[in-house]
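Chemist: The structure is given below, and queries will be raised subsequently.
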Number of protein chains: 2
Amino acid sequence: MEKVREIVREGRRVGNEDPRRVVHAFKVGLALAFVSSFYYYQPLYDNFGVNAMWAVMTVVVVFEFSVGATLGKGINRAVATLIAGGLGIGAHHLASLSGPTVEPILLAIFVFIQAALSTFVRFFPRVKARYDYGVLIFILTFALISVSGFREDEILDLAHKRLSTVMMGGVSCVLISIFVCPVWAGQDLHSLLASNFDTLAHFLQEFGEEYFEATEDGDIKEVEKRRRNLERYKSVLNSKSNEEALANFAKWEPRHGVFRFRHPWKQYLAVGALLRQCAYRIDALNSYINSDMQIPMDVKKKLEEPLRRMSSESGKSMKEMSNSLKKMTKSSTSDIHVVNSQSACKTLSTLLKSGILNDVEPLQMISFMTTVSLLIDIVNLTEKISESVHELASAAKFKNKMKSDSVSTSSAVPIKSHEGDSDDDHHVVTILGDVVTSNNEGQSHGESSVDSCHHVAIEINDDDSIHDKHEEDSNVHVQTSRVSCVHTNASDLLNSGDIKK
Amino acid sequence: MEKVREIVREGRRVGNEDPRRVVHAFKVGLALAFVSSFYYYQPLYDNFGVNAMWAVMTVVVVFEFSVGATLGKGINRAVATLIAGGLGIGAHHLASLSGPTVEPILLAIFVFIQAALSTFVRFFPRVKARYDYGVLIFILTFALISVSGFREDEILDLAHKRLSTVMMGGVSCVLISIFVCPVWAGQDLHSLLASNFDTLAHFLQEFGEEYFEATEDGDIKEVEKRRRNLERYKSVLNSKSNEEALANFAKWEPRHGVFRFRHPWKQYLAVGALLRQCAYRIDALNSYINSDMQIPMDVKKKLEEPLRRMSSESGKSMKEMSNSLKKMTKSSTSDIHVVNSQSACKTLSTLLKSGILNDVEPLQMISFMTTVSLLIDIVNLTEKISESVHELASAAKFKNKMKSDSVSTSSAVPIKSHEGDSDDDHHVVTILGDVVTSNNEGQSHGESSVDSCHHVAIEINDDDSIHDKHEEDSNVHVQTSRVSCVHTNASDLLNSGDIKK
C-alpha cells in the first residue's frame, strides 16, 4: 500500500515536471488504439491479415516524445524497410537460382555478411548519430524477407504488405505527433538555451550581493532558498548530451513556428558549449563565495565596485542575450553591457596597479585573486558568447529589434563628454543605458573607454556595414557591436603591461 | 569512388579504435545466421511456423555490444513478453465475454489505457534507467496478443510459441555474447576509471616541467606532441554519460573474472565524479600554463619547489591509485603521496607567509595566485579521491598487496627523527618512499609533519583496526592511511590562520 502511494507520488512529480508527458502518453494510447482497429475493420483485415501487426509494432517503436525524434525514426524505418525489402527479394531470388540444397546455405551466408557489415557500420559516429535505428531495421527486414521467402512464394506480396503497414503505422505516428499538441525538439532546444542564459545571468547578477554582503543575513531558510536559486546554474554543467540529442532530433523537423527547416541548430550547440565553459567558471566562483568569508571585508571592499560591476554587467548582458533569443530579435544592448563589464575590468586593473592591495597578506591574496581571475575569465567568455549569439542571430535570420519593442524596454542616451565620472582619466565616449535592466546601478553605468589603455583594447567601429544591419535600432546612436577585447585570460592582462618577460 | 575510399578509411579507423567492434559484428552475423536456420530446419519450422521470425527479431534488437547490455535487454524482453502475454490473454478473455459488438470497443479501450499508462511510466527516472526496453516490449506484446486474439482462437498456442521463440532468440544472443570473445561492461568501466586516473596523473606529473621550463624548448613538433599528450585529460571532462551507461549495464552482468555479481559499480561512479571535478581544475590549470608565460620566471621560481611537489606528488598518488585499481589490490602507497603533497602545501603557505611575494606586482599575482589556488584545490581533491578509492577497495574486497609485489615496486623506510631536512621546524615522523615512482626526486620526499601547524591538520592514527587490514603490508611500519586534512579549498587555508575576520 505504501509502495502504491509512493508510485502515485512519483507519478505526480514526473507529470508536474513536464505536463506534456501526460499528453504524450495519451497520444501514444490514441495512436495504438487507432492502429489496432486495422484488425477489426474487415476490409483492411482482408487486405493485410496478420501483417496488420507491423503497423502496431511500428507505432510502439517509432512514437517518441518529440516530433523530430518520431520523424527521424519513422523516416529511418520506412526507408530501411524499403531498401532492405528490395535487397531481401534480390537475395532470395539469387539463392533460389542455385537449387534446393545450396539455397539455405547461400541465404545463411547472405544474412551473415549483411548482418556483420551493417552491425559494423553502426559504429561509425555519423551513422550512429542519425541512422542507427535505420540500420537496425535494415538488418531485421533483410533477414526476415530473405529467409521467410524460403517458405512462401508470395514474397513480393509479403514485402508489399509489410511496407504498406509500416508506412501506415509510421504516418499515423507522425501525423498525431505533429497535429496533437506537438512537442518540437527545436523549440525545446531554443528554450533550453534561453533558460541556460537566464540561470547564469541570475547567478552573475546576484553574485555581488552574495559575495560582499551575505554574512549579515540571519534567516537560515531565506539564505538556503537564495542559495538553491543561485545554484540552479548547476544544471548547465551537464547539459551537453541533452543539447546534442535535441539538436539531432531538431534536424528532422519541418518548419514550425518561427523555425525554418534548416534552422542553424549547430550554432545552438556552439553557443551552448561556450555557456557551459562559463558555467564551469561560475561553479568555481560559487565555491569561493562561502570560503572567501574568511577574507576581511575591508580587503574585499577595496575592489568591490569593479568586481560588482564586472559580474552584474556580464549578467545583464546574458539576460539581454536570453531576451534576444526568446524574442528572436537582433539586439545590440548586450554588447553595451559587455563593454561596460570590460571597462570595469580596466578599472580593476588600474586599482590593482595603484598598489591598493600591497598590504594584504599573501595567504588572503590566493583566494581573493582567484575570485578576481575567475571574474575576468567570465567577462572574456561573455564577450565570446555575445559574438557567438550574434553569429546565431544572423545565421538564423533573427528580426531586427522592433521600434516599439526597444522603446518599451530600453532607452539609450549618447553622451560625448567627460561626465564628471569617478574614473577621471578615462575618455568617456558612449553612455548607452538599458533603463529596465540597469536602473538599479547609478554609478557610471554604460561607459566605454578608448583612451590609451594598454591592457584592454577596445575599438569602436562606426562603419556603415554594421549600421545598416541595425537600421531599426534608431535610438542606439553609437555602434558598439564591434568591441574586441584582446585578453582572453587573467594573465593575458599582463601580456601588454609594462612587465619584463 | 573517392566516397568509397573514404568509407573504407573511416571503417579502418573505427575498427582500429576498438578491434572488438569487428568481433562484435561477426558475432551478430553468427547469431542471426544461426537463428534464421530455424526456418530451414524442418522439425523446428513445423513447430513454430512464421513465429520463427520472433527469434530473428529478438536477436537483431537484443544483441548489444557488451554482455551487460545484451543480458539487460534480453531479460527485459523475456519478462515483459511473459507478463504482457498473460495480461493480453486475460484482456482478450474478458472482452470476449461481452459479446461481439462490445468486444472490439472494449479491447481498444484496454489497449489505450495500457499504452498510455505504460508510456507514462517510461518517464519515471528509475524505470527509464533500467527497464525502458521492457516496458516498450510490454506495450507491444500486450497490444499484439490481445488484439490479434480477436481473429485467432489459438491465442494460447500463439502466446506460447511467441514466448518460446523470443526465449530461443534471447538465449542465443546471451550465450554467444558471453562465450564468444565477451565484452564485459564492468571490465570496461573498471579500465575506463583506471585510464582516467592515468591521464590525470600524467598531466600532474608533467605539469611542473611544462610550467617552469616550457619556454626553453624549441622544437615545435615535439612541443605539440607533448601538449597533445598532456591534453588527453580532456576526455575525462565528458566521461559522465559513458560511465553511467557502463555502470548500468554492468549491474546486469554475472560474475566474470575478478568481478562478483554485486560488485560495487555505484562506487565507481562516485570515484569517477570526483575525478571529473579534478579534471575541471586541471582544465583551468592547463589554460594558465601558456598564459603564465608572462609572469617572470624569477617570480615563479620563488614557489617552484612546493608547487612542483604538490603537483607531482598528487600525480604520483593518482598513478598509485590507478595501479591499485588495475591490480585490484589495496595499497597505502598513494596515501603517502597524498601526505607528501599536503606537506608541500604547508611549505608553500609558510613561504607565502614569510612575505616572499611581497614585491610582486598585483597584476602578476592574479594569475599566479590562481595557479597556486588551483593546485591547492587539486591536492585536496586528491585526498578525497584517495578516500573514495579506499572505500571502493573495501566495498569491492580488493586483495591486500602481495609481499612479493610490494618488495618489487616499493620500499618504505621509517625514520623517526629530525633528519636534518631543509624545513627544519617540522617534526618529521614518517618517511615512506616508493622507490620506483619517486626516485627521481631526491629532496625531502615522503615526509609528513605533525607539528603544531595551524592550517593543515594531519593526524596519524596507529590504531589496530587499521593495522589489521593491512597486515600483509609488512614493510609499511607506520600507518598513514588515516590522514585528514581539514581544508577543502584555497581560502580555507586562511580559516585557521591568524587573520582577524
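In the C-alpha cells, the first chain shown is A, the next is B, and so on; residue numbers restart at 1 for each chain, and ligands run from 1 in the order shown.
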List every residue of chain A that has an atom at most 6 Å from any atom of chain B, giving for each one its closest atom pair and the distance in Å to one decimal, counting only C-alpha atoms, sorted by chain and then by ascending residue number, as a Markdown table.
Modeler:
| residue | atom | partner | partner_atom | distance |
| --- | --- | --- | --- | --- |
| A:Ala25 | CA | B:Ala116 | CA | 4.4 |
| A:Phe26 | CA | B:Ala116 | CA | 5.2 |
| A:Gly29 | CA | B:Phe112 | CA | 4.2 |
| A:Ala33 | CA | B:Ala108 | CA | 5.2 |
| A:Ala108 | CA | B:Ala33 | CA | 5.2 |
| A:Val111 | CA | B:Ala33 | CA | 6.0 |
| A:Phe112 | CA | B:Gly29 | CA | 4.2 |
| A:Ala115 | CA | B:Gly29 | CA | 4.8 |
| A:Ala116 | CA | B:Ala25 | CA | 4.4 |
| A:Thr119 | CA | B:Ala25 | CA | 5.2 |
| A:Phe120 | CA | B:Ala25 | CA | 5.3 |
| A:Ser291 | CA | B:Ser491 | CA | 5.7 |
| A:Gln294 | CA | B:Asn495 | CA | 6.0 |
| A:Pro296 | CA | B:Lys501 | CA | 5.2 |
| A:Leu352 | CA | B:Pro362 | CA | 5.7 |
| A:Pro362 | CA | B:Leu352 | CA | 5.7 |
| A:Ile366 | CA | B:Met369 | CA | 4.9 |
| A:Ser367 | CA | B:Ser491 | CA | 5.0 |
| A:Met369 | CA | B:Ile366 | CA | 4.9 |
| A:Thr370 | CA | B:Thr370 | CA | 4.7 |
| A:Ala490 | CA | B:Ser367 | CA | 5.8 |
| A:Ser491 | CA | B:Ser367 | CA | 5.0 |
| A:Asn495 | CA | B:Gln294 | CA | 5.9 |
| A:Lys501 | CA | B:Pro296 | CA | 5.3 |
Chemist: Mind dumping the selected residues with N, CA and C atoms as a PDB file, in the first residue's frame?
Modeler:
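Okay, this is what ended up in part05.pdb:
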ATOM      1  N   ALA A  25       1.616  10.461 -23.320  1.00  0.00           N
ATOM      2  CA  ALA A  25       1.097   9.127 -23.016  1.00  0.00           C
ATOM      3  C   ALA A  25      -0.265   8.929 -23.676  1.00  0.00           C
ATOM      4  N   PHE A  26      -1.119   9.950 -23.595  1.00  0.00           N
ATOM      5  CA  PHE A  26      -2.428   9.849 -24.241  1.00  0.00           C
ATOM      6  C   PHE A  26      -2.298   9.705 -25.757  1.00  0.00           C
ATOM      7  N   GLY A  29      -1.373   6.198 -26.616  1.00  0.00           N
ATOM      8  CA  GLY A  29      -2.547   5.337 -26.478  1.00  0.00           C
ATOM      9  C   GLY A  29      -3.487   5.487 -27.657  1.00  0.00           C
ATOM     10  N   ALA A  33      -4.451   2.551 -30.267  1.00  0.00           N
ATOM     11  CA  ALA A  33      -5.841   2.102 -30.384  1.00  0.00           C
ATOM     12  C   ALA A  33      -6.309   2.256 -31.825  1.00  0.00           C
ATOM     13  N   ALA A 108      21.968 -18.245 -45.716  1.00  0.00           N
ATOM     14  CA  ALA A 108      22.606 -18.039 -44.420  1.00  0.00           C
ATOM     15  C   ALA A 108      23.842 -17.161 -44.574  1.00  0.00           C
ATOM     16  N   VAL A 111      22.763 -13.575 -45.100  1.00  0.00           N
ATOM     17  CA  VAL A 111      22.314 -12.970 -43.838  1.00  0.00           C
ATOM     18  C   VAL A 111      23.512 -12.637 -42.960  1.00  0.00           C
ATOM     19  N   PHE A 112      24.458 -13.574 -42.912  1.00  0.00           N
ATOM     20  CA  PHE A 112      25.638 -13.355 -42.079  1.00  0.00           C
ATOM     21  C   PHE A 112      26.402 -12.115 -42.527  1.00  0.00           C
ATOM     22  N   ALA A 115      24.406  -8.891 -41.960  1.00  0.00           N
ATOM     23  CA  ALA A 115      24.294  -8.516 -40.540  1.00  0.00           C
ATOM     24  C   ALA A 115      25.631  -8.025 -40.009  1.00  0.00           C
ATOM     25  N   ALA A 116      26.716  -8.713 -40.356  1.00  0.00           N
ATOM     26  CA  ALA A 116      28.026  -8.324 -39.837  1.00  0.00           C
ATOM     27  C   ALA A 116      28.415  -6.942 -40.352  1.00  0.00           C
ATOM     28  N   THR A 119      26.137  -4.225 -38.830  1.00  0.00           N
ATOM     29  CA  THR A 119      26.429  -4.019 -37.418  1.00  0.00           C
ATOM     30  C   THR A 119      27.694  -3.194 -37.256  1.00  0.00           C
ATOM     31  N   PHE A 120      28.677  -3.474 -38.116  1.00  0.00           N
ATOM     32  CA  PHE A 120      29.922  -2.720 -38.028  1.00  0.00           C
ATOM     33  C   PHE A 120      29.688  -1.252 -38.387  1.00  0.00           C
ATOM     34  N   SER A 291      33.863  30.351   1.007  1.00  0.00           N
ATOM     35  CA  SER A 291      35.156  30.261   1.670  1.00  0.00           C
ATOM     36  C   SER A 291      35.825  31.631   1.757  1.00  0.00           C
ATOM     37  N   GLN A 294      36.348  34.269   4.872  1.00  0.00           N
ATOM     38  CA  GLN A 294      37.475  34.449   5.764  1.00  0.00           C
ATOM     39  C   GLN A 294      38.311  35.682   5.415  1.00  0.00           C
ATOM     40  N   PRO A 296      38.906  39.409   5.195  1.00  0.00           N
ATOM     41  CA  PRO A 296      38.273  40.544   5.884  1.00  0.00           C
ATOM     42  C   PRO A 296      37.509  41.415   4.894  1.00  0.00           C
ATOM     43  N   LEU A 352      44.455  47.783  -9.157  1.00  0.00           N
ATOM     44  CA  LEU A 352      45.478  46.834  -8.737  1.00  0.00           C
ATOM     45  C   LEU A 352      46.856  47.428  -8.933  1.00  0.00           C
ATOM     46  N   PRO A 362      49.647  37.605   1.840  1.00  0.00           N
ATOM     47  CA  PRO A 362      49.696  36.710   0.669  1.00  0.00           C
ATOM     48  C   PRO A 362      48.669  35.585   0.729  1.00  0.00           C
ATOM     49  N   ILE A 366      45.686  34.637  -2.176  1.00  0.00           N
ATOM     50  CA  ILE A 366      45.476  33.457  -3.011  1.00  0.00           C
ATOM     51  C   ILE A 366      44.021  33.337  -3.415  1.00  0.00           C
ATOM     52  N   SER A 367      43.138  33.303  -2.403  1.00  0.00           N
ATOM     53  CA  SER A 367      41.766  33.013  -2.802  1.00  0.00           C
ATOM     54  C   SER A 367      41.077  34.248  -3.371  1.00  0.00           C
ATOM     55  N   MET A 369      42.469  36.595  -5.175  1.00  0.00           N
ATOM     56  CA  MET A 369      42.908  36.760  -6.558  1.00  0.00           C
ATOM     57  C   MET A 369      42.268  35.715  -7.479  1.00  0.00           C
ATOM     58  N   THR A 370      41.987  34.533  -6.909  1.00  0.00           N
ATOM     59  CA  THR A 370      41.325  33.519  -7.722  1.00  0.00           C
ATOM     60  C   THR A 370      39.931  33.985  -8.112  1.00  0.00           C
ATOM     61  N   ALA A 490      43.040  35.816 -17.445  1.00  0.00           N
ATOM     62  CA  ALA A 490      43.541  36.754 -16.451  1.00  0.00           C
ATOM     63  C   ALA A 490      44.956  37.208 -16.740  1.00  0.00           C
ATOM     64  N   SER A 491      45.826  36.262 -17.028  1.00  0.00           N
ATOM     65  CA  SER A 491      47.220  36.646 -17.089  1.00  0.00           C
ATOM     66  C   SER A 491      47.569  37.311 -18.412  1.00  0.00           C
ATOM     67  N   ASN A 495      50.074  40.581 -20.374  1.00  0.00           N
ATOM     68  CA  ASN A 495      50.730  40.453 -21.656  1.00  0.00           C
ATOM     69  C   ASN A 495      51.255  41.785 -22.174  1.00  0.00           C
ATOM     70  N   LYS A 501      59.583  40.319 -19.577  1.00  0.00           N
ATOM     71  CA  LYS A 501      59.388  38.870 -19.611  1.00  0.00           C
ATOM     72  C   LYS A 501      60.670  38.170 -19.192  1.00  0.00           C
TER      73      LYS A 501
END
Chemist: Got a sec: who's within 7 Å of region 156-168 of chain A, counting only C-alpha atoms, leaving out chain neighbours fewer than 6 positions off, as a count of residues only?
Modeler: 10
Chemist: What separation in Å, quoted to one decimal, exists between CA of Ser312 (chain B) and CA of Tyr211 (chain B)?
Modeler: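 Taking CA of Ser312 (chain B) and CA of Tyr211 (chain B), their separation equals 12.1 Å.
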Chemist: Among region 258-400 of chain A, which residues does DSSP mark as strand (DSSP E) when it is run on the backbone? Keep the chain and numbering as in the structure and answer as a ChimeraX atom specification.
Modeler: /A:329-330,399-400
Chemist: Would you write out those residues with all heavy atoms, as a PDB file, in the first residue's frame?
Modeler:
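Heads up, here's the output in part-v1.pdb:
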ATOM      1  N   THR A 329      15.022  38.378 -31.822  1.00  0.00           N
ATOM      2  CA  THR A 329      15.371  39.655 -32.441  1.00  0.00           C
ATOM      3  C   THR A 329      16.855  39.891 -32.272  1.00  0.00           C
ATOM      4  O   THR A 329      17.459  39.423 -31.304  1.00  0.00           O
ATOM      5  CB  THR A 329      14.640  40.826 -31.756  1.00  0.00           C
ATOM      6  OG1 THR A 329      14.874  40.733 -30.351  1.00  0.00           O
ATOM      7  CG2 THR A 329      13.157  40.792 -32.043  1.00  0.00           C
ATOM      8  N   LYS A 330      17.438  40.589 -33.225  1.00  0.00           N
ATOM      9  CA  LYS A 330      18.817  41.017 -33.053  1.00  0.00           C
ATOM     10  C   LYS A 330      18.845  42.154 -32.059  1.00  0.00           C
ATOM     11  O   LYS A 330      17.988  43.034 -32.096  1.00  0.00           O
ATOM     12  CB  LYS A 330      19.387  41.501 -34.386  1.00  0.00           C
ATOM     13  CG  LYS A 330      19.768  40.390 -35.316  1.00  0.00           C
ATOM     14  CD  LYS A 330      20.244  40.942 -36.645  1.00  0.00           C
ATOM     15  CE  LYS A 330      20.507  39.799 -37.609  1.00  0.00           C
ATOM     16  NZ  LYS A 330      20.548  40.244 -39.005  1.00  0.00           N
ATOM     17  N   LYS A 399      14.958  38.713 -36.583  1.00  0.00           N
ATOM     18  CA  LYS A 399      14.486  40.041 -36.988  1.00  0.00           C
ATOM     19  C   LYS A 399      15.304  41.101 -36.267  1.00  0.00           C
ATOM     20  O   LYS A 399      15.863  40.878 -35.202  1.00  0.00           O
ATOM     21  CB  LYS A 399      13.014  40.218 -36.584  1.00  0.00           C
ATOM     22  CG  LYS A 399      12.053  39.336 -37.332  1.00  0.00           C
ATOM     23  CD  LYS A 399      10.628  39.697 -37.006  1.00  0.00           C
ATOM     24  CE  LYS A 399      10.303  39.528 -35.534  1.00  0.00           C
ATOM     25  NZ  LYS A 399      10.184  38.126 -35.099  1.00  0.00           N
ATOM     26  N   ASN A 400      15.349  42.309 -36.898  1.00  0.00           N
ATOM     27  CA  ASN A 400      15.902  43.422 -36.143  1.00  0.00           C
ATOM     28  C   ASN A 400      14.890  43.839 -35.104  1.00  0.00           C
ATOM     29  O   ASN A 400      13.694  43.608 -35.265  1.00  0.00           O
ATOM     30  CB  ASN A 400      16.209  44.587 -37.082  1.00  0.00           C
ATOM     31  CG  ASN A 400      17.459  44.318 -37.881  1.00  0.00           C
ATOM     32  OD1 ASN A 400      18.480  43.948 -37.318  1.00  0.00           O
ATOM     33  ND2 ASN A 400      17.358  44.455 -39.190  1.00  0.00           N
TER      34      ASN A 400
END
